[in-house]
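input05.pdb (PDB, C-alpha atoms)
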```pdb
ATOM      1  CA  MET A   1      27.059 -27.964   9.963
ATOM      2  CA  ILE A   2      30.260 -29.759  10.810
ATOM      3  CA  CYS A   3      33.771 -29.829   9.492
ATOM      4  CA  GLY A   4      36.316 -32.269  10.819
ATOM      5  CA  PHE A   5      40.018 -32.605  10.155
ATOM      6  CA  GLU A   6      42.949 -34.630  11.386
ATOM      7  CA  ILE A   7      45.886 -32.276  11.589
ATOM      8  CA  GLY A   8      49.579 -32.629  12.354
ATOM      9  CA  ILE A   9      49.905 -30.308  15.325
ATOM     10  CA  PRO A  10      49.005 -31.141  18.940
ATOM     11  CA  PRO A  11      45.894 -29.843  20.729
ATOM     12  CA  ALA A  12      47.975 -27.353  22.745
ATOM     13  CA  ARG A  13      49.025 -25.572  19.530
ATOM     14  CA  VAL A  14      45.478 -25.506  18.222
ATOM     15  CA  TRP A  15      44.277 -24.151  21.533
ATOM     16  CA  LYS A  16      46.866 -21.385  21.443
ATOM     17  CA  GLY A  17      45.834 -20.573  17.875
ATOM     18  CA  TRP A  18      42.260 -20.064  18.996
ATOM     19  CA  THR A  19      42.870 -18.311  22.299
ATOM     20  CA  ASP A  20      46.004 -16.164  21.986
ATOM     21  CA  PRO A  21      45.129 -12.968  20.063
ATOM     22  CA  ALA A  22      48.580 -12.514  18.487
ATOM     23  CA  THR A  23      48.536 -16.101  17.233
ATOM     24  CA  LEU A  24      44.917 -16.017  16.077
ATOM     25  CA  MET A  25      45.562 -12.916  13.987
ATOM     26  CA  GLN A  26      48.054 -14.867  11.879
ATOM     27  CA  TRP A  27      45.735 -17.610  10.632
ATOM     28  CA  PHE A  28      42.051 -17.029  11.409
ATOM     29  CA  PHE A  29      40.838 -15.871   7.978
ATOM     30  CA  PRO A  30      41.986 -17.231   4.606
ATOM     31  CA  ARG A  31      44.665 -14.938   3.145
ATOM     32  CA  PRO A  32      44.651 -12.355   1.606
ATOM     33  CA  TRP A  33      41.918 -11.551   4.147
ATOM     34  CA  LYS A  34      43.413 -10.813   7.502
ATOM     35  CA  VAL A  35      42.556 -10.112  11.120
ATOM     36  CA  VAL A  36      43.632  -6.619  12.106
ATOM     37  CA  GLU A  37      42.223  -6.629  15.631
ATOM     38  CA  CYS A  38      41.410  -9.378  18.087
ATOM     39  CA  ALA A  39      40.079  -9.185  21.625
ATOM     40  CA  ILE A  40      39.905 -12.292  23.787
ATOM     41  CA  ASP A  41      38.854 -12.590  27.405
ATOM     42  CA  LEU A  42      38.876 -16.329  27.872
ATOM     43  CA  ARG A  43      36.117 -16.995  30.378
ATOM     44  CA  PRO A  44      32.387 -17.675  30.085
ATOM     45  CA  GLY A  45      30.830 -14.311  29.286
ATOM     46  CA  GLY A  46      34.199 -12.861  28.230
ATOM     47  CA  VAL A  47      34.608 -11.054  24.925
ATOM     48  CA  PHE A  48      35.663 -12.639  21.659
ATOM     49  CA  ARG A  49      35.902 -10.080  18.886
ATOM     50  CA  THR A  50      37.818  -9.918  15.640
ATOM     51  CA  VAL A  51      38.038  -7.260  12.968
ATOM     52  CA  MET A  52      38.842  -8.578   9.526
ATOM     53  CA  GLN A  53      40.263  -6.680   6.626
ATOM     54  CA  SER A  54      39.457  -7.446   3.008
ATOM     55  CA  PRO A  55      42.144  -7.614   0.308
ATOM     56  CA  ASP A  56      41.029  -4.052  -0.640
ATOM     57  CA  GLY A  57      41.864  -2.824   2.845
ATOM     58  CA  GLU A  58      38.245  -2.527   3.981
ATOM     59  CA  THR A  59      37.835  -3.385   7.630
ATOM     60  CA  MET A  60      34.787  -5.352   8.670
ATOM     61  CA  PRO A  61      34.230  -5.402  12.387
ATOM     62  CA  ALA A  62      32.081  -8.286  13.571
ATOM     63  CA  SER A  63      29.842  -7.792  16.557
ATOM     64  CA  ALA A  64      31.543  -8.804  19.770
ATOM     65  CA  GLY A  65      30.762 -12.377  20.714
ATOM     66  CA  THR A  66      31.324 -14.295  23.900
ATOM     67  CA  TYR A  67      32.571 -17.601  25.211
ATOM     68  CA  LEU A  68      30.075 -20.142  26.500
ATOM     69  CA  LEU A  69      32.220 -23.127  27.467
ATOM     70  CA  ILE A  70      35.970 -23.424  27.919
ATOM     71  CA  GLU A  71      37.746 -26.724  28.496
ATOM     72  CA  PRO A  72      41.423 -26.008  27.803
ATOM     73  CA  GLU A  73      42.811 -27.989  24.861
ATOM     74  CA  ARG A  74      39.562 -29.966  24.589
ATOM     75  CA  ARG A  75      36.531 -27.832  23.849
ATOM     76  CA  LEU A  76      35.713 -24.220  23.099
ATOM     77  CA  VAL A  77      32.187 -22.959  22.551
ATOM     78  CA  TRP A  78      31.484 -19.369  21.556
ATOM     79  CA  THR A  79      28.729 -17.377  19.891
ATOM     80  CA  ASN A  80      28.021 -14.061  18.222
ATOM     81  CA  ALA A  81      24.389 -14.147  19.441
ATOM     82  CA  LEU A  82      25.501 -12.907  22.855
ATOM     83  CA  GLY A  83      28.190 -10.362  23.629
ATOM     84  CA  PRO A  84      30.385  -9.719  26.654
ATOM     85  CA  GLY A  85      28.586 -10.350  29.941
ATOM     86  CA  PHE A  86      26.222 -12.597  27.963
ATOM     87  CA  ARG A  87      24.298  -9.529  26.758
ATOM     88  CA  PRO A  88      22.125 -10.499  23.739
ATOM     89  CA  ASN A  89      23.301  -8.917  20.495
ATOM     90  CA  PRO A  90      20.784  -7.166  18.218
ATOM     91  CA  SER A  91      19.522  -9.439  15.450
ATOM     92  CA  PRO A  92      21.505  -9.284  12.205
ATOM     93  CA  LYS A  93      20.137  -6.777   9.706
ATOM     94  CA  ASN A  94      21.122  -8.494   6.476
ATOM     95  CA  ALA A  95      20.325 -12.201   6.628
ATOM     96  CA  SER A  96      22.446 -13.061   3.593
ATOM     97  CA  THR A  97      25.723 -11.856   5.075
ATOM     98  CA  ASP A  98      25.102 -11.808   8.774
ATOM     99  CA  PHE A  99      23.579 -14.378  11.085
ATOM    100  CA  PHE A 100      23.790 -15.673  14.604
ATOM    101  CA  PHE A 101      25.794 -18.803  15.138
ATOM    102  CA  VAL A 102      27.394 -20.890  17.838
ATOM    103  CA  VAL A 103      30.721 -22.610  17.233
ATOM    104  CA  ASP A 104      31.389 -25.770  19.229
ATOM    105  CA  LEU A 105      35.015 -26.719  18.662
ATOM    106  CA  THR A 106      36.325 -30.021  19.987
ATOM    107  CA  LEU A 107      39.901 -31.249  20.000
ATOM    108  CA  ALA A 108      41.232 -34.719  20.727
ATOM    109  CA  ALA A 109      44.862 -35.819  20.774
ATOM    110  CA  LEU A 110      45.807 -38.394  18.128
ATOM    111  CA  PRO A 111      48.380 -41.155  18.809
ATOM    112  CA  ASP A 112      50.738 -39.592  16.220
ATOM    113  CA  GLY A 113      50.851 -36.319  18.150
ATOM    114  CA  GLY A 114      48.309 -34.620  15.946
ATOM    115  CA  THR A 115      44.776 -33.489  16.663
ATOM    116  CA  SER A 116      41.337 -34.592  15.662
ATOM    117  CA  TYR A 117      39.655 -31.226  15.106
ATOM    118  CA  THR A 118      35.907 -30.906  14.812
ATOM    119  CA  ALA A 119      34.024 -27.640  14.400
ATOM    120  CA  THR A 120      30.263 -27.801  14.717
ATOM    121  CA  VAL A 121      28.560 -24.578  13.708
ATOM    122  CA  MET A 122      24.905 -24.087  14.623
ATOM    123  CA  HIS A 123      22.531 -21.456  13.235
ATOM    124  CA  GLN A 124      19.087 -20.174  14.104
ATOM    125  CA  ASP A 125      17.522 -21.650  11.025
ATOM    126  CA  GLU A 126      18.140 -23.124   7.578
ATOM    127  CA  ALA A 127      18.572 -19.623   6.100
ATOM    128  CA  GLY A 128      21.487 -18.914   8.420
ATOM    129  CA  ARG A 129      23.126 -22.207   7.597
ATOM    130  CA  LEU A 130      22.741 -21.691   3.851
ATOM    131  CA  ALA A 131      24.079 -18.127   4.045
ATOM    132  CA  HIS A 132      27.120 -19.334   5.940
ATOM    133  CA  GLU A 133      27.638 -22.119   3.434
ATOM    134  CA  ALA A 134      27.317 -19.671   0.524
ATOM    135  CA  MET A 135      30.030 -17.512   2.096
ATOM    136  CA  GLY A 136      32.367 -20.456   1.691
ATOM    137  CA  PHE A 137      32.281 -21.914   5.173
ATOM    138  CA  TYR A 138      33.658 -25.342   4.322
ATOM    139  CA  GLU A 139      36.462 -24.164   2.079
ATOM    140  CA  GLY A 140      37.272 -21.167   4.254
ATOM    141  CA  TRP A 141      37.590 -23.029   7.522
ATOM    142  CA  GLY A 142      39.808 -25.634   5.879
ATOM    143  CA  ILE A 143      42.112 -23.023   4.331
ATOM    144  CA  ALA A 144      42.371 -21.076   7.588
ATOM    145  CA  LEU A 145      43.138 -24.239   9.523
ATOM    146  CA  ASP A 146      45.907 -25.081   7.037
ATOM    147  CA  GLN A 147      47.351 -21.655   7.815
ATOM    148  CA  LEU A 148      47.346 -22.496  11.521
ATOM    149  CA  VAL A 149      49.023 -25.839  10.936
ATOM    150  CA  GLU A 150      51.693 -24.173   8.799
ATOM    151  CA  LEU A 151      52.223 -21.501  11.448
ATOM    152  CA  ALA A 152      52.459 -23.949  14.351
ATOM    153  CA  ALA A 153      54.333 -26.797  12.681
TER     154      ALA A 153
ATOM    155  CA  MET B   1      16.728  -4.099  33.675
ATOM    156  CA  ILE B   2      17.347  -5.078  37.253
ATOM    157  CA  CYS B   3      15.235  -6.018  40.214
ATOM    158  CA  GLY B   4      16.762  -6.528  43.615
ATOM    159  CA  PHE B   5      15.255  -7.788  46.843
ATOM    160  CA  GLU B   6      16.361  -8.710  50.330
ATOM    161  CA  ILE B   7      14.435 -11.796  51.300
ATOM    162  CA  GLY B   8      14.065 -13.870  54.458
ATOM    163  CA  ILE B   9      15.211 -17.257  53.185
ATOM    164  CA  PRO B  10      18.806 -18.396  52.738
ATOM    165  CA  PRO B  11      20.555 -18.709  49.354
ATOM    166  CA  ALA B  12      20.283 -22.524  49.465
ATOM    167  CA  ARG B  13      16.471 -22.282  49.448
ATOM    168  CA  VAL B  14      16.473 -19.766  46.626
ATOM    169  CA  TRP B  15      18.835 -21.980  44.664
ATOM    170  CA  LYS B  16      16.570 -24.979  45.134
ATOM    171  CA  GLY B  17      13.610 -22.870  44.036
ATOM    172  CA  TRP B  18      15.354 -22.054  40.792
ATOM    173  CA  THR B  19      16.935 -25.427  40.053
ATOM    174  CA  ASP B  20      14.637 -28.164  41.357
ATOM    175  CA  PRO B  21      11.756 -28.619  38.883
ATOM    176  CA  ALA B  22       9.188 -29.723  41.490
ATOM    177  CA  THR B  23       9.990 -26.685  43.634
ATOM    178  CA  LEU B  24      10.140 -24.244  40.725
ATOM    179  CA  MET B  25       6.685 -25.298  39.541
ATOM    180  CA  GLN B  26       5.204 -24.077  42.831
ATOM    181  CA  TRP B  27       6.307 -20.463  42.611
ATOM    182  CA  PHE B  28       7.766 -19.413  39.251
ATOM    183  CA  PHE B  29       4.784 -17.526  37.802
ATOM    184  CA  PRO B  30       2.417 -15.261  39.728
ATOM    185  CA  ARG B  31      -0.733 -17.186  40.627
ATOM    186  CA  PRO B  32      -3.282 -17.937  39.198
ATOM    187  CA  TRP B  33      -0.801 -18.547  36.360
ATOM    188  CA  LYS B  34       1.084 -21.738  36.936
ATOM    189  CA  VAL B  35       3.895 -23.879  35.626
ATOM    190  CA  VAL B  36       2.608 -27.229  34.398
ATOM    191  CA  GLU B  37       5.881 -28.581  33.065
ATOM    192  CA  CYS B  38       9.477 -27.881  33.876
ATOM    193  CA  ALA B  39      12.665 -29.421  32.484
ATOM    194  CA  ILE B  40      16.024 -28.621  34.049
ATOM    195  CA  ASP B  41      19.422 -30.041  33.156
ATOM    196  CA  LEU B  42      21.669 -27.960  35.352
ATOM    197  CA  ARG B  43      24.884 -27.620  33.367
ATOM    198  CA  PRO B  44      26.149 -25.150  30.777
ATOM    199  CA  GLY B  45      24.291 -26.028  27.578
ATOM    200  CA  GLY B  46      21.663 -28.018  29.525
ATOM    201  CA  VAL B  47      17.959 -27.427  28.983
ATOM    202  CA  PHE B  48      15.794 -25.018  30.955
ATOM    203  CA  ARG B  49      12.205 -25.139  29.789
ATOM    204  CA  THR B  50       8.909 -24.285  31.424
ATOM    205  CA  VAL B  51       5.343 -24.510  30.207
ATOM    206  CA  MET B  52       2.994 -22.040  31.837
ATOM    207  CA  GLN B  53      -0.754 -22.271  32.033
ATOM    208  CA  SER B  54      -3.039 -19.253  32.028
ATOM    209  CA  PRO B  55      -5.946 -18.911  34.458
ATOM    210  CA  ASP B  56      -8.177 -20.067  31.539
ATOM    211  CA  GLY B  57      -6.239 -23.317  31.283
ATOM    212  CA  GLU B  58      -4.386 -22.356  28.119
ATOM    213  CA  THR B  59      -0.856 -23.742  28.068
ATOM    214  CA  MET B  60       1.916 -21.568  26.704
ATOM    215  CA  PRO B  61       5.112 -23.432  26.070
ATOM    216  CA  ALA B  62       8.187 -21.237  25.951
ATOM    217  CA  SER B  63      11.050 -22.186  23.698
ATOM    218  CA  ALA B  64      13.634 -24.277  25.466
ATOM    219  CA  GLY B  65      16.426 -22.174  26.890
ATOM    220  CA  THR B  66      19.785 -23.109  28.278
ATOM    221  CA  TYR B  67      22.132 -22.414  31.148
ATOM    222  CA  LEU B  68      25.223 -20.293  30.565
ATOM    223  CA  LEU B  69      26.841 -20.076  33.991
ATOM    224  CA  ILE B  70      26.182 -22.037  37.166
ATOM    225  CA  GLU B  71      27.773 -21.179  40.499
ATOM    226  CA  PRO B  72      25.707 -23.051  43.087
ATOM    227  CA  GLU B  73      23.901 -20.773  45.541
ATOM    228  CA  ARG B  74      25.697 -17.714  44.095
ATOM    229  CA  ARG B  75      24.960 -17.111  40.444
ATOM    230  CA  LEU B  76      22.788 -18.546  37.699
ATOM    231  CA  VAL B  77      22.799 -17.249  34.143
ATOM    232  CA  TRP B  78      20.412 -18.589  31.510
ATOM    233  CA  THR B  79      18.909 -17.492  28.223
ATOM    234  CA  ASN B  80      16.107 -18.242  25.795
ATOM    235  CA  ALA B  81      18.278 -17.097  22.844
ATOM    236  CA  LEU B  82      20.058 -20.441  22.826
ATOM    237  CA  GLY B  83      18.564 -23.855  23.441
ATOM    238  CA  PRO B  84      19.998 -27.143  24.682
ATOM    239  CA  GLY B  85      23.525 -27.774  23.429
ATOM    240  CA  PHE B  86      23.804 -23.985  22.932
ATOM    241  CA  ARG B  87      21.884 -24.262  19.637
ATOM    242  CA  PRO B  88      20.604 -20.785  18.623
ATOM    243  CA  ASN B  89      16.820 -20.477  18.840
ATOM    244  CA  PRO B  90      14.896 -18.972  15.904
ATOM    245  CA  SER B  91      14.190 -15.279  16.382
ATOM    246  CA  PRO B  92      10.880 -14.477  18.076
ATOM    247  CA  LYS B  93       7.998 -13.927  15.645
ATOM    248  CA  ASN B  94       5.960 -11.406  17.634
ATOM    249  CA  ALA B  95       8.207  -8.754  19.158
ATOM    250  CA  SER B  96       5.524  -7.492  21.552
ATOM    251  CA  THR B  97       5.127 -10.766  23.416
ATOM    252  CA  ASP B  98       8.262 -12.662  22.664
ATOM    253  CA  PHE B  99      11.896 -11.609  22.818
ATOM    254  CA  PHE B 100      15.308 -12.965  23.545
ATOM    255  CA  PHE B 101      16.708 -12.308  26.967
ATOM    256  CA  VAL B 102      19.440 -13.383  29.334
ATOM    257  CA  VAL B 103      18.783 -13.619  33.062
ATOM    258  CA  ASP B 104      21.768 -13.118  35.348
ATOM    259  CA  LEU B 105      20.675 -14.009  38.866
ATOM    260  CA  THR B 106      23.003 -13.351  41.779
ATOM    261  CA  LEU B 107      22.533 -14.387  45.385
ATOM    262  CA  ALA B 108      24.459 -13.276  48.458
ATOM    263  CA  ALA B 109      23.919 -14.434  52.034
ATOM    264  CA  LEU B 110      22.801 -11.738  54.461
ATOM    265  CA  PRO B 111      23.919 -11.670  58.133
ATOM    266  CA  ASP B 112      20.325 -12.337  59.258
ATOM    267  CA  GLY B 113      20.192 -15.605  57.320
ATOM    268  CA  GLY B 114      18.359 -14.095  54.394
ATOM    269  CA  THR B 115      19.460 -13.450  50.834
ATOM    270  CA  SER B 116      20.275 -10.433  48.765
ATOM    271  CA  TYR B 117      18.654 -11.396  45.454
ATOM    272  CA  THR B 118      19.410  -9.532  42.251
ATOM    273  CA  ALA B 119      18.006 -10.412  38.848
ATOM    274  CA  THR B 120      19.526  -8.606  35.883
ATOM    275  CA  VAL B 121      17.600  -9.194  32.675
ATOM    276  CA  MET B 122      19.232  -8.206  29.381
ATOM    277  CA  HIS B 123      17.513  -7.868  25.993
ATOM    278  CA  GLN B 124      18.640  -7.466  22.403
ATOM    279  CA  ASP B 125      17.355  -3.927  22.193
ATOM    280  CA  GLU B 126      15.142  -1.289  23.750
ATOM    281  CA  ALA B 127      12.045  -2.853  22.131
ATOM    282  CA  GLY B 128      12.656  -6.116  23.936
ATOM    283  CA  ARG B 129      13.148  -4.380  27.243
ATOM    284  CA  LEU B 130       9.991  -2.313  26.836
ATOM    285  CA  ALA B 131       7.939  -5.347  25.821
ATOM    286  CA  HIS B 132       9.145  -7.229  28.881
ATOM    287  CA  GLU B 133       8.364  -4.247  31.083
ATOM    288  CA  ALA B 134       4.885  -3.923  29.562
ATOM    289  CA  MET B 135       4.213  -7.579  30.385
ATOM    290  CA  GLY B 136       4.647  -6.654  34.027
ATOM    291  CA  PHE B 137       8.217  -7.740  34.602
ATOM    292  CA  TYR B 138       8.840  -5.769  37.784
ATOM    293  CA  GLU B 139       5.576  -6.604  39.481
ATOM    294  CA  GLY B 140       5.563 -10.182  38.248
ATOM    295  CA  TRP B 141       9.037 -11.088  39.413
ATOM    296  CA  GLY B 142       8.341  -9.593  42.837
ATOM    297  CA  ILE B 143       5.085 -11.486  43.253
ATOM    298  CA  ALA B 144       6.635 -14.760  42.116
ATOM    299  CA  LEU B 145       9.554 -14.282  44.482
ATOM    300  CA  ASP B 146       7.131 -13.678  47.365
ATOM    301  CA  GLN B 147       5.588 -17.027  46.479
ATOM    302  CA  LEU B 148       9.001 -18.678  46.736
ATOM    303  CA  VAL B 149       9.697 -17.059  50.096
ATOM    304  CA  GLU B 150       6.305 -18.192  51.404
ATOM    305  CA  LEU B 151       6.925 -21.719  50.115
ATOM    306  CA  ALA B 152      10.425 -21.998  51.556
ATOM    307  CA  ALA B 153       9.927 -20.176  54.867
TER     308      ALA B 153
END
```

Please lay out the structure from this file as structure tokens.
Amino acid sequence: MICGFEIGIPPARVWKGWTDPATLMQWFFPRPWKVVECAIDLRPGGVFRTVMQSPDGETMPASAGTYLLIEPERRLVWTNALGPGFRPNPSPKNASTDFFFVVDLTLAALPDGGTSYTATVMHQDEAGRLAHEAMGFYEGWGIALDQLVELAA
Amino acid sequence: MICGFEIGIPPARVWKGWTDPATLMQWFFPRPWKVVECAIDLRPGGVFRTVMQSPDGETMPASAGTYLLIEPERRLVWTNALGPGFRPNPSPKNASTDFFFVVDLTLAALPDGGTSYTATVMHQDEAGRLAHEAMGFYEGWGIALDQLVELAA
């Protein structure tokens, strides 16, 4: 599945939002959810891990993912199917809330100084895609991105 | 799991054996098994796919994998957990014969012109590792590598 947006901040700000832990923690999940931990080692095979906290204060650590492709300010590909060092993660136990995916994020500078932002999210199968959609993928990614734009503007 | 060998051909020959389809088809599975098709697009996210044929003539296509890291003549990392374009592959149906893995192959030149060859193979869990071992991983990779050395010597 794909979501695309034209936003009013330049690719460098978007890149920082995705790759600097302190910045990412301020926008990555729609409020009142928040990120309470973030680990980033920005190289292929390096860790990408976030811990989110629900409005009730429950923390929900996600399995550590890893980066697959890094083209600064242009493209970032990461997955939760592999962890640091490219080690395969165990398959998700509960298919309705947990699933492997790969995020392929592309950024392109717009003439007005903004960014054309496209996130392609790929799953193992239709079930994974539907589960992600049911969790509010489209709305959630849009809201979070608005938070980044607000933060970086 | 890891297997390491010191072999009498230089890293360039090993690299060609792993990355040139016509060369790979001559050594990649222990004879009388053979590779009857091989697709290689040597870039991160590019396809790596082989079709092997049993001694009885039965062809056994493996799901298309992809490359994760490419450092010519030094390191090659690929997986069957993701396919071309980094798209996640469906989980294996039969855990005893099919499992996700990542191969991290490292090569280092030896003073005598040979190569220190180390293959680290990572699985999702103990079951995957044991299944791979039961299929004859250690013996099979050694025999296949001997075939490459013989071919390239």

Written as a PDB file with C-alpha atoms, in the coordinates of the input, what is the full residue list that the PyMOL selection byres ((chain B and resi 118) around 10) yields on the file shown?
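Result file selection-v7.pdb:
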```pdb
ATOM      1  CA  ILE B   2      17.347  -5.078  37.253  1.00  0.00           C
ATOM      2  CA  CYS B   3      15.235  -6.018  40.214  1.00  0.00           C
ATOM      3  CA  GLY B   4      16.762  -6.528  43.615  1.00  0.00           C
ATOM      4  CA  PHE B   5      15.255  -7.788  46.843  1.00  0.00           C
ATOM      5  CA  GLU B   6      16.361  -8.710  50.330  1.00  0.00           C
ATOM      6  CA  ARG B  75      24.960 -17.111  40.444  1.00  0.00           C
ATOM      7  CA  ASP B 104      21.768 -13.118  35.348  1.00  0.00           C
ATOM      8  CA  LEU B 105      20.675 -14.009  38.866  1.00  0.00           C
ATOM      9  CA  THR B 106      23.003 -13.351  41.779  1.00  0.00           C
ATOM     10  CA  LEU B 107      22.533 -14.387  45.385  1.00  0.00           C
ATOM     11  CA  ALA B 108      24.459 -13.276  48.458  1.00  0.00           C
ATOM     12  CA  THR B 115      19.460 -13.450  50.834  1.00  0.00           C
ATOM     13  CA  SER B 116      20.275 -10.433  48.765  1.00  0.00           C
ATOM     14  CA  TYR B 117      18.654 -11.396  45.454  1.00  0.00           C
ATOM     15  CA  ALA B 119      18.006 -10.412  38.848  1.00  0.00           C
ATOM     16  CA  THR B 120      19.526  -8.606  35.883  1.00  0.00           C
ATOM     17  CA  VAL B 121      17.600  -9.194  32.675  1.00  0.00           C
TER      18      VAL B 121
END
```

| task | Run the ChimeraX specification (/A :<8) & /B mentally over the shown coordinates, then write out the matched residues as an NGL selection string, using the chain letters and numbers from the document. | result | :B and (44 or 68-69 or 81 or 86-91 or 100-102 or 122-125)

Serialized selection, C-alpha atoms, as an mmCIF file, keeping the file's coordinate frame:
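Output file again_25.cif is given in full below:
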```
data_model
loop_
_atom_site.group_PDB
_atom_site.id
_atom_site.type_symbol
_atom_site.label_atom_id
_atom_site.label_comp_id
_atom_site.auth_asym_id
_atom_site.auth_seq_id
_atom_site.Cartn_x
_atom_site.Cartn_y
_atom_site.Cartn_z
ATOM 1 C CA PRO B 44 26.149 -25.150 30.777
ATOM 2 C CA LEU B 68 25.223 -20.293 30.565
ATOM 3 C CA LEU B 69 26.841 -20.076 33.991
ATOM 4 C CA ALA B 81 18.278 -17.097 22.844
ATOM 5 C CA PHE B 86 23.804 -23.985 22.932
ATOM 6 C CA ARG B 87 21.884 -24.262 19.637
ATOM 7 C CA PRO B 88 20.604 -20.785 18.623
ATOM 8 C CA ASN B 89 16.820 -20.477 18.840
ATOM 9 C CA PRO B 90 14.896 -18.972 15.904
ATOM 10 C CA SER B 91 14.190 -15.279 16.382
ATOM 11 C CA PHE B 100 15.308 -12.965 23.545
ATOM 12 C CA PHE B 101 16.708 -12.308 26.967
ATOM 13 C CA VAL B 102 19.440 -13.383 29.334
ATOM 14 C CA MET B 122 19.232 -8.206 29.381
ATOM 15 C CA HIS B 123 17.513 -7.868 25.993
ATOM 16 C CA GLN B 124 18.640 -7.466 22.403
ATOM 17 C CA ASP B 125 17.355 -3.927 22.193
#
```

| query | For the file shown, what are the residues hit by the PyMOL selection byres ((chain B and resi 9-24) around 8), laid out as a PyMOL selection string? | reply | chain B and resi 7-8+25-28+38-40+42+72-74+107-110+113-115+148-149+152-153

| task | For CA of Val35 (chain A) and CA of Val47 (chain A), determine how far apart the two atoms are, in Å to one decimal place. | result | 16.0 Å

| field | Straight-line distance linking CA of Thr97 (chain A) with CA of Glu58 (chain A), stated in Å to one decimal | value |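 Between these atoms lies a distance of 15.7 Å.
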
| Quick one, how far is CA of Asp41 (chain B) from CA of Glu133 (chain B)? |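 Spanning CA of Asp41 (chain B) to CA of Glu133 (chain B) is a straight-line distance of 28.1 Å.
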
| Mind listing as a VMD selection string all residues within 7 Å of (28.5, -7.9, 18.0), counting only C-alpha atoms? | chain A and resid 62 to 65 80 83 89

Keeping C-alpha atoms for every residue in the selection just given, could you write it to a file as a PDB file, in the frame of the given file?
```
ATOM      1  CA  ALA A  62      32.081  -8.286  13.571  1.00  0.00           C
ATOM      2  CA  SER A  63      29.842  -7.792  16.557  1.00  0.00           C
ATOM      3  CA  ALA A  64      31.543  -8.804  19.770  1.00  0.00           C
ATOM      4  CA  GLY A  65      30.762 -12.377  20.714  1.00  0.00           C
ATOM      5  CA  ASN A  80      28.021 -14.061  18.222  1.00  0.00           C
ATOM      6  CA  GLY A  83      28.190 -10.362  23.629  1.00  0.00           C
ATOM      7  CA  ASN A  89      23.301  -8.917  20.495  1.00  0.00           C
TER       8      ASN A  89
END
```

Please give the centre and size of the box around region 143-148 of chain A (axis-aligned, containing every atom listed in the file, 5 Å added per side), with values in Å to one decimal and written as lines of an AutoDock Vina configuration file.
```
center_x = 44.7
center_y = -23.1
center_z = 7.9
size_x = 15.2
size_y = 14.0
size_z = 17.2
```

Please write region 1-13 of chain A of the preceding block to a file containing N, CA and C atoms, as a compact mmCIF listing (two decimals), in the first residue's frame?
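Saved as part-v3.txt:
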```txt
# COMPACT_ATOMS: atom_id res chain seq x y z
N MET A 1 0.83 -1.19 0.00
CA MET A 1 0.00 0.00 0.00
C MET A 1 0.88 1.25 0.00
N ILE A 2 0.30 2.32 -0.50
CA ILE A 2 1.08 3.54 -0.71
C ILE A 2 0.33 4.74 -0.15
N CYS A 3 1.07 5.61 0.53
CA CYS A 3 0.48 6.92 0.79
C CYS A 3 1.46 7.99 0.32
N GLY A 4 0.93 8.99 -0.31
CA GLY A 4 1.77 10.05 -0.86
C GLY A 4 1.24 11.41 -0.44
N PHE A 5 2.16 12.31 -0.15
CA PHE A 5 1.78 13.65 0.30
C PHE A 5 2.74 14.67 -0.29
N GLU A 6 2.24 15.86 -0.52
CA GLU A 6 3.14 16.98 -0.81
C GLU A 6 3.13 17.85 0.43
N ILE A 7 4.29 18.05 1.01
CA ILE A 7 4.36 18.75 2.29
C ILE A 7 5.28 19.96 2.21
N GLY A 8 5.09 20.88 3.16
CA GLY A 8 5.74 22.19 3.07
C GLY A 8 7.08 22.31 3.77
N ILE A 9 7.76 21.21 3.97
CA ILE A 9 9.11 21.28 4.54
C ILE A 9 10.06 20.55 3.58
N PRO A 10 11.32 20.97 3.54
CA PRO A 10 12.25 20.39 2.56
C PRO A 10 12.69 18.97 2.93
N PRO A 11 13.19 18.22 1.95
CA PRO A 11 13.62 16.85 2.19
C PRO A 11 14.60 16.70 3.36
N ALA A 12 15.47 17.69 3.56
CA ALA A 12 16.45 17.58 4.66
C ALA A 12 15.75 17.50 6.01
N ARG A 13 14.63 18.23 6.17
CA ARG A 13 13.90 18.20 7.44
C ARG A 13 13.17 16.87 7.62
```
